[in-house]
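Student: See entry.txt below, with compact mmCIF, N, CA and C atoms.
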# COMPACT_ATOMS: atom_id res chain seq x y z
N MET A 22 14.73 -9.25 -20.08
CA MET A 22 13.86 -10.41 -19.99
C MET A 22 12.90 -10.22 -18.81
N ALA A 23 11.67 -10.60 -19.02
CA ALA A 23 10.63 -10.46 -17.99
C ALA A 23 10.94 -11.38 -16.81
N LEU A 24 10.57 -10.92 -15.64
CA LEU A 24 10.74 -11.73 -14.42
C LEU A 24 9.78 -12.91 -14.42
N LYS A 25 10.25 -14.02 -13.92
CA LYS A 25 9.39 -15.17 -13.74
C LYS A 25 8.78 -15.10 -12.35
N LYS A 26 7.58 -15.61 -12.22
CA LYS A 26 6.94 -15.61 -10.90
C LYS A 26 7.77 -16.36 -9.88
N SER A 27 8.46 -17.40 -10.31
CA SER A 27 9.30 -18.16 -9.37
C SER A 27 10.40 -17.28 -8.79
N GLN A 28 10.93 -16.34 -9.58
CA GLN A 28 11.95 -15.41 -9.07
C GLN A 28 11.34 -14.48 -8.02
N ILE A 29 10.14 -14.01 -8.29
CA ILE A 29 9.47 -13.13 -7.33
C ILE A 29 9.17 -13.88 -6.05
N TYR A 30 8.64 -15.09 -6.16
CA TYR A 30 8.30 -15.88 -4.99
C TYR A 30 9.54 -16.20 -4.16
N SER A 31 10.65 -16.48 -4.82
CA SER A 31 11.90 -16.73 -4.11
C SER A 31 12.33 -15.50 -3.32
N SER A 32 12.19 -14.33 -3.92
CA SER A 32 12.53 -13.09 -3.21
C SER A 32 11.58 -12.84 -2.04
N LEU A 33 10.32 -13.16 -2.23
CA LEU A 33 9.35 -13.01 -1.14
C LEU A 33 9.73 -13.91 0.03
N TRP A 34 10.12 -15.13 -0.27
CA TRP A 34 10.49 -16.07 0.78
C TRP A 34 11.75 -15.58 1.51
N GLN A 35 12.73 -15.08 0.76
CA GLN A 35 13.95 -14.54 1.37
C GLN A 35 13.62 -13.36 2.28
N SER A 36 12.69 -12.53 1.83
CA SER A 36 12.33 -11.36 2.64
C SER A 36 11.63 -11.79 3.93
N CYS A 37 10.81 -12.82 3.85
CA CYS A 37 10.16 -13.34 5.06
C CYS A 37 11.22 -13.88 6.02
N ASP A 38 12.26 -14.53 5.48
CA ASP A 38 13.34 -15.02 6.33
C ASP A 38 13.99 -13.88 7.10
N GLN A 39 14.13 -12.71 6.48
CA GLN A 39 14.73 -11.56 7.14
C GLN A 39 13.86 -11.05 8.30
N LEU A 40 12.56 -11.28 8.21
CA LEU A 40 11.64 -10.76 9.22
C LEU A 40 11.34 -11.74 10.34
N ARG A 41 11.75 -12.98 10.18
CA ARG A 41 11.44 -14.01 11.18
C ARG A 41 12.02 -13.64 12.54
N GLY A 42 11.24 -13.93 13.57
CA GLY A 42 11.71 -13.74 14.93
C GLY A 42 11.19 -12.48 15.59
N GLY A 43 11.00 -11.41 14.82
CA GLY A 43 10.60 -10.15 15.41
C GLY A 43 9.09 -9.92 15.43
N MET A 44 8.39 -10.68 14.59
CA MET A 44 6.95 -10.46 14.48
C MET A 44 6.25 -11.74 14.08
N ASP A 45 4.96 -11.75 14.22
CA ASP A 45 4.15 -12.88 13.80
C ASP A 45 4.20 -13.00 12.28
N ALA A 46 4.21 -14.22 11.79
CA ALA A 46 4.29 -14.46 10.34
C ALA A 46 3.16 -13.78 9.58
N SER A 47 2.02 -13.60 10.20
CA SER A 47 0.89 -12.96 9.51
C SER A 47 1.17 -11.48 9.22
N GLN A 48 2.17 -10.90 9.88
CA GLN A 48 2.50 -9.49 9.67
C GLN A 48 3.55 -9.29 8.59
N TYR A 49 4.23 -10.34 8.15
CA TYR A 49 5.26 -10.20 7.12
C TYR A 49 4.74 -9.50 5.88
N LYS A 50 3.51 -9.89 5.49
CA LYS A 50 2.97 -9.36 4.24
C LYS A 50 2.89 -7.85 4.22
N ASP A 51 2.66 -7.22 5.36
CA ASP A 51 2.58 -5.76 5.39
C ASP A 51 3.89 -5.13 4.94
N TYR A 52 4.99 -5.67 5.41
CA TYR A 52 6.31 -5.15 5.07
C TYR A 52 6.72 -5.57 3.66
N VAL A 53 6.55 -6.84 3.38
CA VAL A 53 6.99 -7.40 2.11
C VAL A 53 6.21 -6.80 0.94
N LEU A 54 4.90 -6.72 1.05
CA LEU A 54 4.11 -6.17 -0.05
C LEU A 54 4.34 -4.68 -0.24
N THR A 55 4.61 -3.97 0.84
CA THR A 55 4.92 -2.55 0.72
C THR A 55 6.20 -2.36 -0.07
N LEU A 56 7.24 -3.13 0.26
CA LEU A 56 8.50 -3.01 -0.47
C LEU A 56 8.36 -3.48 -1.91
N LEU A 57 7.61 -4.55 -2.12
CA LEU A 57 7.38 -5.04 -3.47
C LEU A 57 6.65 -3.98 -4.30
N PHE A 58 5.65 -3.36 -3.73
CA PHE A 58 4.91 -2.30 -4.41
C PHE A 58 5.84 -1.14 -4.75
N MET A 59 6.65 -0.72 -3.79
CA MET A 59 7.58 0.39 -4.03
C MET A 59 8.56 0.06 -5.16
N LYS A 60 9.07 -1.15 -5.16
CA LYS A 60 10.01 -1.56 -6.22
C LYS A 60 9.29 -1.60 -7.57
N TYR A 61 8.12 -2.18 -7.59
CA TYR A 61 7.36 -2.32 -8.84
C TYR A 61 7.02 -0.95 -9.45
N VAL A 62 6.45 -0.05 -8.65
CA VAL A 62 6.06 1.25 -9.21
C VAL A 62 7.28 2.08 -9.57
N SER A 63 8.35 1.93 -8.82
CA SER A 63 9.58 2.66 -9.15
C SER A 63 10.13 2.20 -10.50
N ASP A 64 10.19 0.89 -10.69
CA ASP A 64 10.70 0.36 -11.96
C ASP A 64 9.79 0.71 -13.13
N LYS A 65 8.50 0.62 -12.90
CA LYS A 65 7.55 0.78 -13.99
C LYS A 65 7.22 2.23 -14.32
N TYR A 66 7.17 3.11 -13.31
CA TYR A 66 6.63 4.45 -13.55
C TYR A 66 7.59 5.62 -13.35
N THR A 67 8.77 5.41 -12.79
CA THR A 67 9.70 6.52 -12.59
C THR A 67 10.04 7.16 -13.93
N GLY A 68 9.87 8.47 -13.99
CA GLY A 68 10.20 9.22 -15.20
C GLY A 68 9.18 9.09 -16.31
N THR A 69 8.00 8.55 -16.02
CA THR A 69 6.96 8.38 -17.03
C THR A 69 5.87 9.43 -16.82
N PRO A 70 5.83 10.45 -17.67
CA PRO A 70 4.81 11.49 -17.50
C PRO A 70 3.40 10.92 -17.66
N GLY A 71 2.48 11.36 -16.82
CA GLY A 71 1.09 10.92 -16.90
C GLY A 71 0.88 9.47 -16.50
N ALA A 72 1.84 8.89 -15.76
CA ALA A 72 1.75 7.49 -15.36
C ALA A 72 0.62 7.29 -14.34
N LEU A 73 0.20 6.06 -14.23
CA LEU A 73 -0.84 5.68 -13.28
C LEU A 73 -0.44 6.06 -11.85
N ILE A 74 0.83 5.85 -11.51
CA ILE A 74 1.39 6.20 -10.21
C ILE A 74 2.52 7.20 -10.44
N GLU A 75 2.46 8.32 -9.75
CA GLU A 75 3.53 9.31 -9.84
C GLU A 75 4.61 8.94 -8.82
N VAL A 76 5.85 8.87 -9.29
CA VAL A 76 6.99 8.60 -8.41
C VAL A 76 7.83 9.87 -8.37
N PRO A 77 7.57 10.74 -7.39
CA PRO A 77 8.30 12.00 -7.31
C PRO A 77 9.80 11.78 -7.09
N LYS A 78 10.58 12.75 -7.47
CA LYS A 78 12.03 12.69 -7.27
C LYS A 78 12.32 12.50 -5.78
N GLY A 79 13.23 11.58 -5.47
CA GLY A 79 13.61 11.32 -4.09
C GLY A 79 12.72 10.32 -3.37
N VAL A 80 11.77 9.72 -4.11
CA VAL A 80 10.79 8.83 -3.50
C VAL A 80 10.80 7.45 -4.16
N GLY A 81 11.78 7.15 -4.96
CA GLY A 81 11.83 5.86 -5.63
C GLY A 81 12.52 4.80 -4.79
N PHE A 82 12.49 3.59 -5.29
CA PHE A 82 13.11 2.49 -4.58
C PHE A 82 14.62 2.68 -4.47
N ALA A 83 15.22 3.31 -5.47
CA ALA A 83 16.67 3.59 -5.42
C ALA A 83 17.02 4.45 -4.21
N ASP A 84 16.09 5.30 -3.80
CA ASP A 84 16.33 6.13 -2.62
C ASP A 84 16.35 5.28 -1.35
N MET A 85 15.60 4.18 -1.35
CA MET A 85 15.65 3.24 -0.23
C MET A 85 16.97 2.47 -0.24
N VAL A 86 17.40 2.07 -1.42
CA VAL A 86 18.67 1.34 -1.56
C VAL A 86 19.82 2.20 -1.04
N ALA A 87 19.75 3.49 -1.30
CA ALA A 87 20.80 4.41 -0.87
C ALA A 87 20.90 4.53 0.65
N LEU A 88 19.91 4.03 1.38
CA LEU A 88 19.91 4.09 2.84
C LEU A 88 20.66 2.94 3.49
N ASN A 89 21.27 2.07 2.70
CA ASN A 89 21.98 0.90 3.21
C ASN A 89 22.90 1.30 4.36
N GLY A 90 22.66 0.73 5.54
CA GLY A 90 23.50 0.99 6.71
C GLY A 90 23.23 2.30 7.42
N ASP A 91 22.27 3.09 6.96
CA ASP A 91 21.95 4.38 7.57
C ASP A 91 21.37 4.15 8.97
N LYS A 92 21.81 4.91 9.94
CA LYS A 92 21.34 4.76 11.32
C LYS A 92 19.85 5.06 11.45
N GLU A 93 19.30 5.85 10.54
CA GLU A 93 17.88 6.21 10.58
C GLU A 93 17.09 5.56 9.44
N ILE A 94 17.53 4.39 8.98
CA ILE A 94 16.93 3.74 7.82
C ILE A 94 15.43 3.52 7.98
N GLY A 95 14.99 3.08 9.14
CA GLY A 95 13.56 2.80 9.35
C GLY A 95 12.71 4.05 9.19
N ASP A 96 13.11 5.11 9.85
CA ASP A 96 12.39 6.38 9.78
C ASP A 96 12.40 6.94 8.35
N LYS A 97 13.53 6.84 7.68
CA LYS A 97 13.65 7.38 6.33
C LYS A 97 12.83 6.57 5.32
N ILE A 98 12.77 5.25 5.50
CA ILE A 98 11.90 4.43 4.64
C ILE A 98 10.45 4.85 4.84
N ASN A 99 10.04 5.03 6.09
CA ASN A 99 8.68 5.50 6.37
C ASN A 99 8.39 6.81 5.64
N LYS A 100 9.33 7.73 5.65
CA LYS A 100 9.13 9.03 5.00
C LYS A 100 9.03 8.90 3.49
N ILE A 101 9.85 8.04 2.89
CA ILE A 101 9.79 7.82 1.43
C ILE A 101 8.42 7.26 1.06
N ILE A 102 7.99 6.24 1.78
CA ILE A 102 6.68 5.63 1.50
C ILE A 102 5.57 6.65 1.73
N GLY A 103 5.68 7.42 2.79
CA GLY A 103 4.68 8.46 3.07
C GLY A 103 4.58 9.50 1.97
N ARG A 104 5.71 9.89 1.42
CA ARG A 104 5.69 10.89 0.34
C ARG A 104 5.06 10.31 -0.93
N LEU A 105 5.33 9.03 -1.23
CA LEU A 105 4.70 8.40 -2.39
C LEU A 105 3.20 8.28 -2.16
N ALA A 106 2.81 7.89 -0.95
CA ALA A 106 1.39 7.77 -0.60
C ALA A 106 0.70 9.12 -0.75
N GLU A 107 1.32 10.17 -0.25
CA GLU A 107 0.76 11.52 -0.32
C GLU A 107 0.60 11.98 -1.77
N ALA A 108 1.60 11.72 -2.58
CA ALA A 108 1.57 12.17 -3.98
C ALA A 108 0.50 11.46 -4.81
N ASN A 109 0.06 10.29 -4.35
CA ASN A 109 -0.86 9.48 -5.14
C ASN A 109 -2.18 9.19 -4.43
N ASP A 110 -2.48 9.95 -3.39
CA ASP A 110 -3.71 9.77 -2.62
C ASP A 110 -3.83 8.32 -2.13
N LEU A 111 -2.73 7.80 -1.60
CA LEU A 111 -2.70 6.43 -1.10
C LEU A 111 -2.42 6.36 0.40
N ARG A 112 -2.67 7.46 1.12
CA ARG A 112 -2.50 7.47 2.58
C ARG A 112 -3.44 6.43 3.18
N GLY A 113 -2.90 5.66 4.12
CA GLY A 113 -3.70 4.62 4.75
C GLY A 113 -3.78 3.35 3.93
N VAL A 114 -3.15 3.34 2.76
CA VAL A 114 -3.17 2.15 1.90
C VAL A 114 -1.78 1.51 1.85
N ILE A 115 -0.78 2.28 1.42
CA ILE A 115 0.57 1.70 1.28
C ILE A 115 1.49 2.06 2.43
N ASP A 116 1.01 2.83 3.38
CA ASP A 116 1.88 3.29 4.47
C ASP A 116 1.49 2.67 5.82
N GLN A 117 1.03 1.45 5.79
CA GLN A 117 0.58 0.78 7.02
C GLN A 117 1.72 0.14 7.82
N ALA A 118 2.74 -0.36 7.15
CA ALA A 118 3.85 -1.01 7.84
C ALA A 118 4.73 0.05 8.49
N GLU A 119 5.15 -0.20 9.71
CA GLU A 119 6.00 0.73 10.46
C GLU A 119 7.44 0.21 10.39
N PHE A 120 8.25 0.83 9.54
CA PHE A 120 9.62 0.38 9.32
C PHE A 120 10.59 0.86 10.39
N ASN A 121 10.09 1.56 11.39
CA ASN A 121 10.94 2.03 12.48
C ASN A 121 10.49 1.41 13.81
N ASP A 122 9.87 0.25 13.74
CA ASP A 122 9.34 -0.42 14.92
C ASP A 122 10.42 -1.33 15.52
N GLU A 123 11.04 -0.88 16.61
CA GLU A 123 12.11 -1.65 17.24
C GLU A 123 11.62 -2.97 17.81
N GLY A 124 10.37 -3.03 18.19
CA GLY A 124 9.81 -4.26 18.72
C GLY A 124 9.72 -5.36 17.68
N LYS A 125 9.56 -4.99 16.43
CA LYS A 125 9.44 -5.97 15.35
C LYS A 125 10.71 -6.12 14.54
N LEU A 126 11.49 -5.05 14.41
CA LEU A 126 12.64 -5.07 13.50
C LEU A 126 13.98 -4.99 14.21
N GLY A 127 13.95 -4.91 15.54
CA GLY A 127 15.20 -4.79 16.29
C GLY A 127 15.57 -3.33 16.45
N SER A 128 16.64 -3.09 17.17
CA SER A 128 17.06 -1.71 17.38
C SER A 128 18.50 -1.51 16.92
N GLY A 129 18.85 -0.26 16.68
CA GLY A 129 20.22 0.08 16.31
C GLY A 129 20.72 -0.68 15.11
N LYS A 130 21.88 -1.30 15.28
CA LYS A 130 22.55 -2.01 14.18
C LYS A 130 21.71 -3.18 13.67
N GLU A 131 20.99 -3.83 14.57
CA GLU A 131 20.14 -4.96 14.15
C GLU A 131 19.10 -4.49 13.14
N MET A 132 18.43 -3.36 13.42
CA MET A 132 17.44 -2.82 12.49
C MET A 132 18.10 -2.38 11.19
N GLN A 133 19.23 -1.70 11.30
CA GLN A 133 19.94 -1.25 10.10
C GLN A 133 20.24 -2.44 9.18
N ASP A 134 20.80 -3.49 9.76
CA ASP A 134 21.18 -4.67 8.97
C ASP A 134 19.95 -5.37 8.39
N ARG A 135 18.92 -5.55 9.21
CA ARG A 135 17.72 -6.25 8.76
C ARG A 135 17.06 -5.50 7.60
N LEU A 136 16.87 -4.19 7.74
CA LEU A 136 16.22 -3.42 6.68
C LEU A 136 17.10 -3.28 5.45
N SER A 137 18.39 -3.14 5.65
CA SER A 137 19.32 -3.05 4.50
C SER A 137 19.26 -4.34 3.68
N LYS A 138 19.26 -5.49 4.36
CA LYS A 138 19.18 -6.78 3.67
C LYS A 138 17.82 -6.95 2.99
N LEU A 139 16.77 -6.53 3.66
CA LEU A 139 15.42 -6.64 3.12
C LEU A 139 15.29 -5.83 1.83
N VAL A 140 15.76 -4.60 1.85
CA VAL A 140 15.71 -3.74 0.66
C VAL A 140 16.57 -4.34 -0.46
N ALA A 141 17.72 -4.89 -0.10
CA ALA A 141 18.62 -5.47 -1.11
C ALA A 141 17.97 -6.65 -1.84
N ILE A 142 17.16 -7.42 -1.14
CA ILE A 142 16.47 -8.55 -1.78
C ILE A 142 15.60 -8.04 -2.93
N PHE A 143 14.83 -6.99 -2.68
CA PHE A 143 13.95 -6.46 -3.72
C PHE A 143 14.71 -5.70 -4.79
N ASP A 144 15.86 -5.15 -4.43
CA ASP A 144 16.68 -4.45 -5.41
C ASP A 144 17.14 -5.40 -6.50
N GLY A 145 17.22 -6.69 -6.18
CA GLY A 145 17.63 -7.69 -7.16
C GLY A 145 16.57 -8.00 -8.20
N LEU A 146 15.36 -7.51 -8.03
CA LEU A 146 14.28 -7.71 -9.00
C LEU A 146 14.25 -6.54 -9.97
N ASP A 147 13.90 -6.80 -11.21
CA ASP A 147 13.80 -5.74 -12.21
C ASP A 147 12.48 -5.89 -12.96
N PHE A 148 11.55 -5.00 -12.66
CA PHE A 148 10.21 -5.07 -13.26
C PHE A 148 10.09 -4.25 -14.54
N ARG A 149 11.17 -3.62 -14.99
CA ARG A 149 11.07 -2.77 -16.18
C ARG A 149 10.66 -3.54 -17.43
N ALA A 150 11.00 -4.81 -17.50
CA ALA A 150 10.64 -5.60 -18.67
C ALA A 150 9.24 -6.21 -18.55
N ASN A 151 8.61 -6.09 -17.41
CA ASN A 151 7.27 -6.64 -17.18
C ASN A 151 6.23 -5.57 -17.47
N LEU A 152 5.90 -5.44 -18.73
CA LEU A 152 4.99 -4.38 -19.14
C LEU A 152 3.60 -4.89 -19.50
N ALA A 153 3.39 -6.19 -19.42
CA ALA A 153 2.09 -6.74 -19.79
C ALA A 153 1.04 -6.29 -18.78
N GLU A 154 0.05 -5.57 -19.22
CA GLU A 154 -0.97 -5.03 -18.32
C GLU A 154 -1.79 -6.11 -17.65
N GLY A 155 -1.98 -7.26 -18.30
CA GLY A 155 -2.82 -8.30 -17.75
C GLY A 155 -2.14 -9.20 -16.73
N ASP A 156 -0.84 -9.05 -16.54
CA ASP A 156 -0.10 -9.90 -15.62
C ASP A 156 -0.11 -9.27 -14.24
N ASP A 157 -0.88 -9.82 -13.33
CA ASP A 157 -1.06 -9.27 -11.99
C ASP A 157 0.03 -9.77 -11.05
N LEU A 158 1.23 -9.21 -11.18
CA LEU A 158 2.36 -9.65 -10.37
C LEU A 158 2.13 -9.39 -8.88
N LEU A 159 1.59 -8.22 -8.56
CA LEU A 159 1.38 -7.89 -7.15
C LEU A 159 0.28 -8.76 -6.54
N GLY A 160 -0.77 -8.99 -7.28
CA GLY A 160 -1.84 -9.87 -6.79
C GLY A 160 -1.34 -11.28 -6.56
N GLY A 161 -0.54 -11.77 -7.49
CA GLY A 161 0.05 -13.10 -7.35
C GLY A 161 0.95 -13.19 -6.13
N ALA A 162 1.72 -12.12 -5.90
CA ALA A 162 2.60 -12.08 -4.73
C ALA A 162 1.79 -12.11 -3.43
N TYR A 163 0.70 -11.35 -3.41
CA TYR A 163 -0.16 -11.33 -2.22
C TYR A 163 -0.74 -12.73 -1.96
N GLU A 164 -1.22 -13.37 -3.01
CA GLU A 164 -1.77 -14.72 -2.85
C GLU A 164 -0.71 -15.68 -2.35
N TYR A 165 0.51 -15.56 -2.88
CA TYR A 165 1.60 -16.42 -2.43
C TYR A 165 1.84 -16.24 -0.94
N LEU A 166 1.92 -15.00 -0.48
CA LEU A 166 2.16 -14.73 0.93
C LEU A 166 1.02 -15.25 1.81
N MET A 167 -0.19 -15.13 1.33
CA MET A 167 -1.33 -15.62 2.12
C MET A 167 -1.30 -17.15 2.22
N ARG A 168 -0.91 -17.83 1.15
CA ARG A 168 -0.83 -19.29 1.19
C ARG A 168 0.28 -19.77 2.12
N HIS A 169 1.36 -18.97 2.24
CA HIS A 169 2.54 -19.38 3.01
C HIS A 169 2.73 -18.55 4.28
N ARG A 170 1.67 -17.96 4.79
CA ARG A 170 1.80 -17.02 5.92
C ARG A 170 2.26 -17.68 7.21
N ASP A 171 2.13 -18.96 7.33
CA ASP A 171 2.57 -19.62 8.56
C ASP A 171 3.99 -20.17 8.44
N GLY A 172 4.61 -19.96 7.27
CA GLY A 172 5.94 -20.51 7.04
C GLY A 172 6.95 -19.65 7.57
Since I need it in another form, could you write the structure as C-alpha cells?
Tutor:
Amino acid sequence: MALKKSQIYSSLWQSCDQLRGGMDASQYKDYVLTLLFMKYVSDKYTGTPGALIEVPKGVGFADMVALNGDKEIGDKINKIIGRLAEANDLRGVIDQAEFNDEGKLGSGKEMQDRLSKLVAIFDGLDFRANLAEGDDLLGGAYEYLMRHRDG
C-alpha cells in the first residue's frame, strides 16, 4: 500500500524531535531531507538498471540501518551519502549535512544513539509502493519542513 503524506509528515516530525537541542531548527531540514532522499531513492531505485538514480552496492539506506550503534556511525553515514553523490553527479547537493558534527549531534554514545534512532525513523517508511511519477513526495516533505521550521 502506498504511503500517506500524513505518515511521512509524522516521521519528519519524529526526526526533528531527535535533532532538537543540538542545532537551530532551521538546520533540521538538511539532515532530515538528506535521510528522506536516501531512503526514497534506495527503495525506488536499488537494483533497477538504467534508473534515474544509481544506487551502488553498499550505498543504500539498508547500509545506514546496519550502522545501528556503530561507534563511527556519523563518519560512515557521510561516506555512504558521499558515494551516492559521487555516483550520480550530486556532489554539493545531497552531501551538505555533516553527520559527524559533535557540536550538533553530540559525541560518543550520544551521537550513536541519536543517529541510530534517526535512521530507524526513516527505516519505518516504505516507498516501494509509491511509484506514481506525478506525486512529489520529496517536494511535499520539504514544504512541510519549511512551514514547521520553528517547531
Student: Once you count all atoms listed in the file, what closest atom pair and distance in Å to one decimal does each residue of stretch 79-109 of chain A within 8 Å of stretch 122-131 of chain A have, with rows by chain and rising residue number, as a Markdown table?
Tutor:
| residue | atom | partner | partner_atom | distance |
| --- | --- | --- | --- | --- |
| A:Asp91 | C | A:Gly129 | C | 7.8 |
| A:Lys92 | CA | A:Gly129 | C | 6.7 |
| A:Gly95 | CA | A:Asp122 | N | 6.3 |
| A:Asp96 | N | A:Asp122 | N | 7.0 |
Student: Might you pull out every residue within 6 Å of stretch 144-148 of chain A, with only C-alpha atoms counted and same-chain residues fewer than 2 positions away left off, and present them as a count of residues only?
Tutor: 6
Student: In Å, rounded to a single decimal, give me how far atom CA of A:Thr69 is from atom CA of A:Arg104.
Tutor: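 If I compute the distance from atom CA of A:Arg104 to atom CA of A:Thr69, I get 17.6 Å.
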Student: Calculate how many Å separate atom C of A:Val62 from atom CA of A:Phe143, rounding to one decimal.
Tutor: 12.3 Å
Student: Using all atoms listed in the file, list the residues that have an atom at most 8 Å from (5.4, 11.9, -2.7), coordinates as in the file, as a PDB file with N, CA and C atoms, in the frame of the given file.
Tutor:
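out_18.pdb was written with the following content:
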ATOM      1  N   GLU A  75       2.460   8.320  -9.750  1.00  0.00           N
ATOM      2  CA  GLU A  75       3.530   9.310  -9.840  1.00  0.00           C
ATOM      3  C   GLU A  75       4.610   8.940  -8.820  1.00  0.00           C
ATOM      4  N   VAL A  76       5.850   8.870  -9.290  1.00  0.00           N
ATOM      5  CA  VAL A  76       6.990   8.600  -8.410  1.00  0.00           C
ATOM      6  C   VAL A  76       7.830   9.870  -8.370  1.00  0.00           C
ATOM      7  N   PRO A  77       7.570  10.740  -7.390  1.00  0.00           N
ATOM      8  CA  PRO A  77       8.300  12.000  -7.310  1.00  0.00           C
ATOM      9  C   PRO A  77       9.800  11.780  -7.090  1.00  0.00           C
ATOM     10  N   LYS A  78      10.580  12.750  -7.470  1.00  0.00           N
ATOM     11  CA  LYS A  78      12.030  12.690  -7.270  1.00  0.00           C
ATOM     12  C   LYS A  78      12.320  12.500  -5.780  1.00  0.00           C
ATOM     13  N   GLY A  79      13.230  11.580  -5.470  1.00  0.00           N
ATOM     14  CA  GLY A  79      13.610  11.320  -4.090  1.00  0.00           C
ATOM     15  C   GLY A  79      12.720  10.320  -3.370  1.00  0.00           C
ATOM     16  N   VAL A  80      11.770   9.720  -4.110  1.00  0.00           N
ATOM     17  CA  VAL A  80      10.790   8.830  -3.500  1.00  0.00           C
ATOM     18  C   VAL A  80      10.800   7.450  -4.160  1.00  0.00           C
ATOM     19  N   LYS A 100       9.330   7.730   5.650  1.00  0.00           N
ATOM     20  CA  LYS A 100       9.130   9.030   5.000  1.00  0.00           C
ATOM     21  C   LYS A 100       9.030   8.900   3.490  1.00  0.00           C
ATOM     22  N   ILE A 101       9.850   8.040   2.890  1.00  0.00           N
ATOM     23  CA  ILE A 101       9.790   7.820   1.430  1.00  0.00           C
ATOM     24  C   ILE A 101       8.420   7.260   1.060  1.00  0.00           C
ATOM     25  N   ILE A 102       7.990   6.240   1.780  1.00  0.00           N
ATOM     26  CA  ILE A 102       6.680   5.630   1.500  1.00  0.00           C
ATOM     27  C   ILE A 102       5.570   6.650   1.730  1.00  0.00           C
ATOM     28  N   GLY A 103       5.680   7.420   2.790  1.00  0.00           N
ATOM     29  CA  GLY A 103       4.680   8.460   3.070  1.00  0.00           C
ATOM     30  C   GLY A 103       4.580   9.500   1.970  1.00  0.00           C
ATOM     31  N   ARG A 104       5.710   9.890   1.420  1.00  0.00           N
ATOM     32  CA  ARG A 104       5.690  10.890   0.340  1.00  0.00           C
ATOM     33  C   ARG A 104       5.060  10.310  -0.930  1.00  0.00           C
ATOM     34  N   LEU A 105       5.330   9.030  -1.230  1.00  0.00           N
ATOM     35  CA  LEU A 105       4.700   8.400  -2.390  1.00  0.00           C
ATOM     36  C   LEU A 105       3.200   8.280  -2.160  1.00  0.00           C
ATOM     37  N   ALA A 106       2.810   7.890  -0.950  1.00  0.00           N
ATOM     38  CA  ALA A 106       1.390   7.770  -0.600  1.00  0.00           C
ATOM     39  C   ALA A 106       0.700   9.120  -0.750  1.00  0.00           C
ATOM     40  N   GLU A 107       1.320  10.170  -0.250  1.00  0.00           N
ATOM     41  CA  GLU A 107       0.760  11.520  -0.320  1.00  0.00           C
ATOM     42  C   GLU A 107       0.600  11.980  -1.770  1.00  0.00           C
ATOM     43  N   ALA A 108       1.600  11.720  -2.580  1.00  0.00           N
ATOM     44  CA  ALA A 108       1.570  12.170  -3.980  1.00  0.00           C
ATOM     45  C   ALA A 108       0.500  11.460  -4.810  1.00  0.00           C
ATOM     46  N   ASN A 109       0.060  10.290  -4.350  1.00  0.00           N
ATOM     47  CA  ASN A 109      -0.860   9.480  -5.140  1.00  0.00           C
ATOM     48  C   ASN A 109      -2.180   9.190  -4.430  1.00  0.00           C
TER      49      ASN A 109
END
Student: State, in Å with one decimal place, the distance from atom C of A:Ser63 to atom N of A:Phe82.
Tutor: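 Rounded to one decimal, the two atoms are 5.9 Å apart.
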Student: Pick the closest to A:Thr55 from A:Lys138, A:Asn121, A:Asn99, A:Pro70: which is it, counting only C-alpha atoms?
Tutor: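 Of A:Lys138, A:Asn121, A:Asn99, A:Pro70, the one nearest A:Thr55 is A:Asn99, counting only C-alpha atoms.
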Student: Given only C-alpha atoms as the basis, pick out the residue of A:Tyr66, A:Leu73, A:Arg112, A:Leu136 nearest to A:Lys97.
Tutor: A:Leu136
Student: Report the residues of stretch 46-169 of chain A whose backbone DSSP state falls under helix (DSSP H, G or I), written as number ranges by chain.
Tutor: A: 46-66, 82-86, 94-108, 123-126, 130-144, 158-168
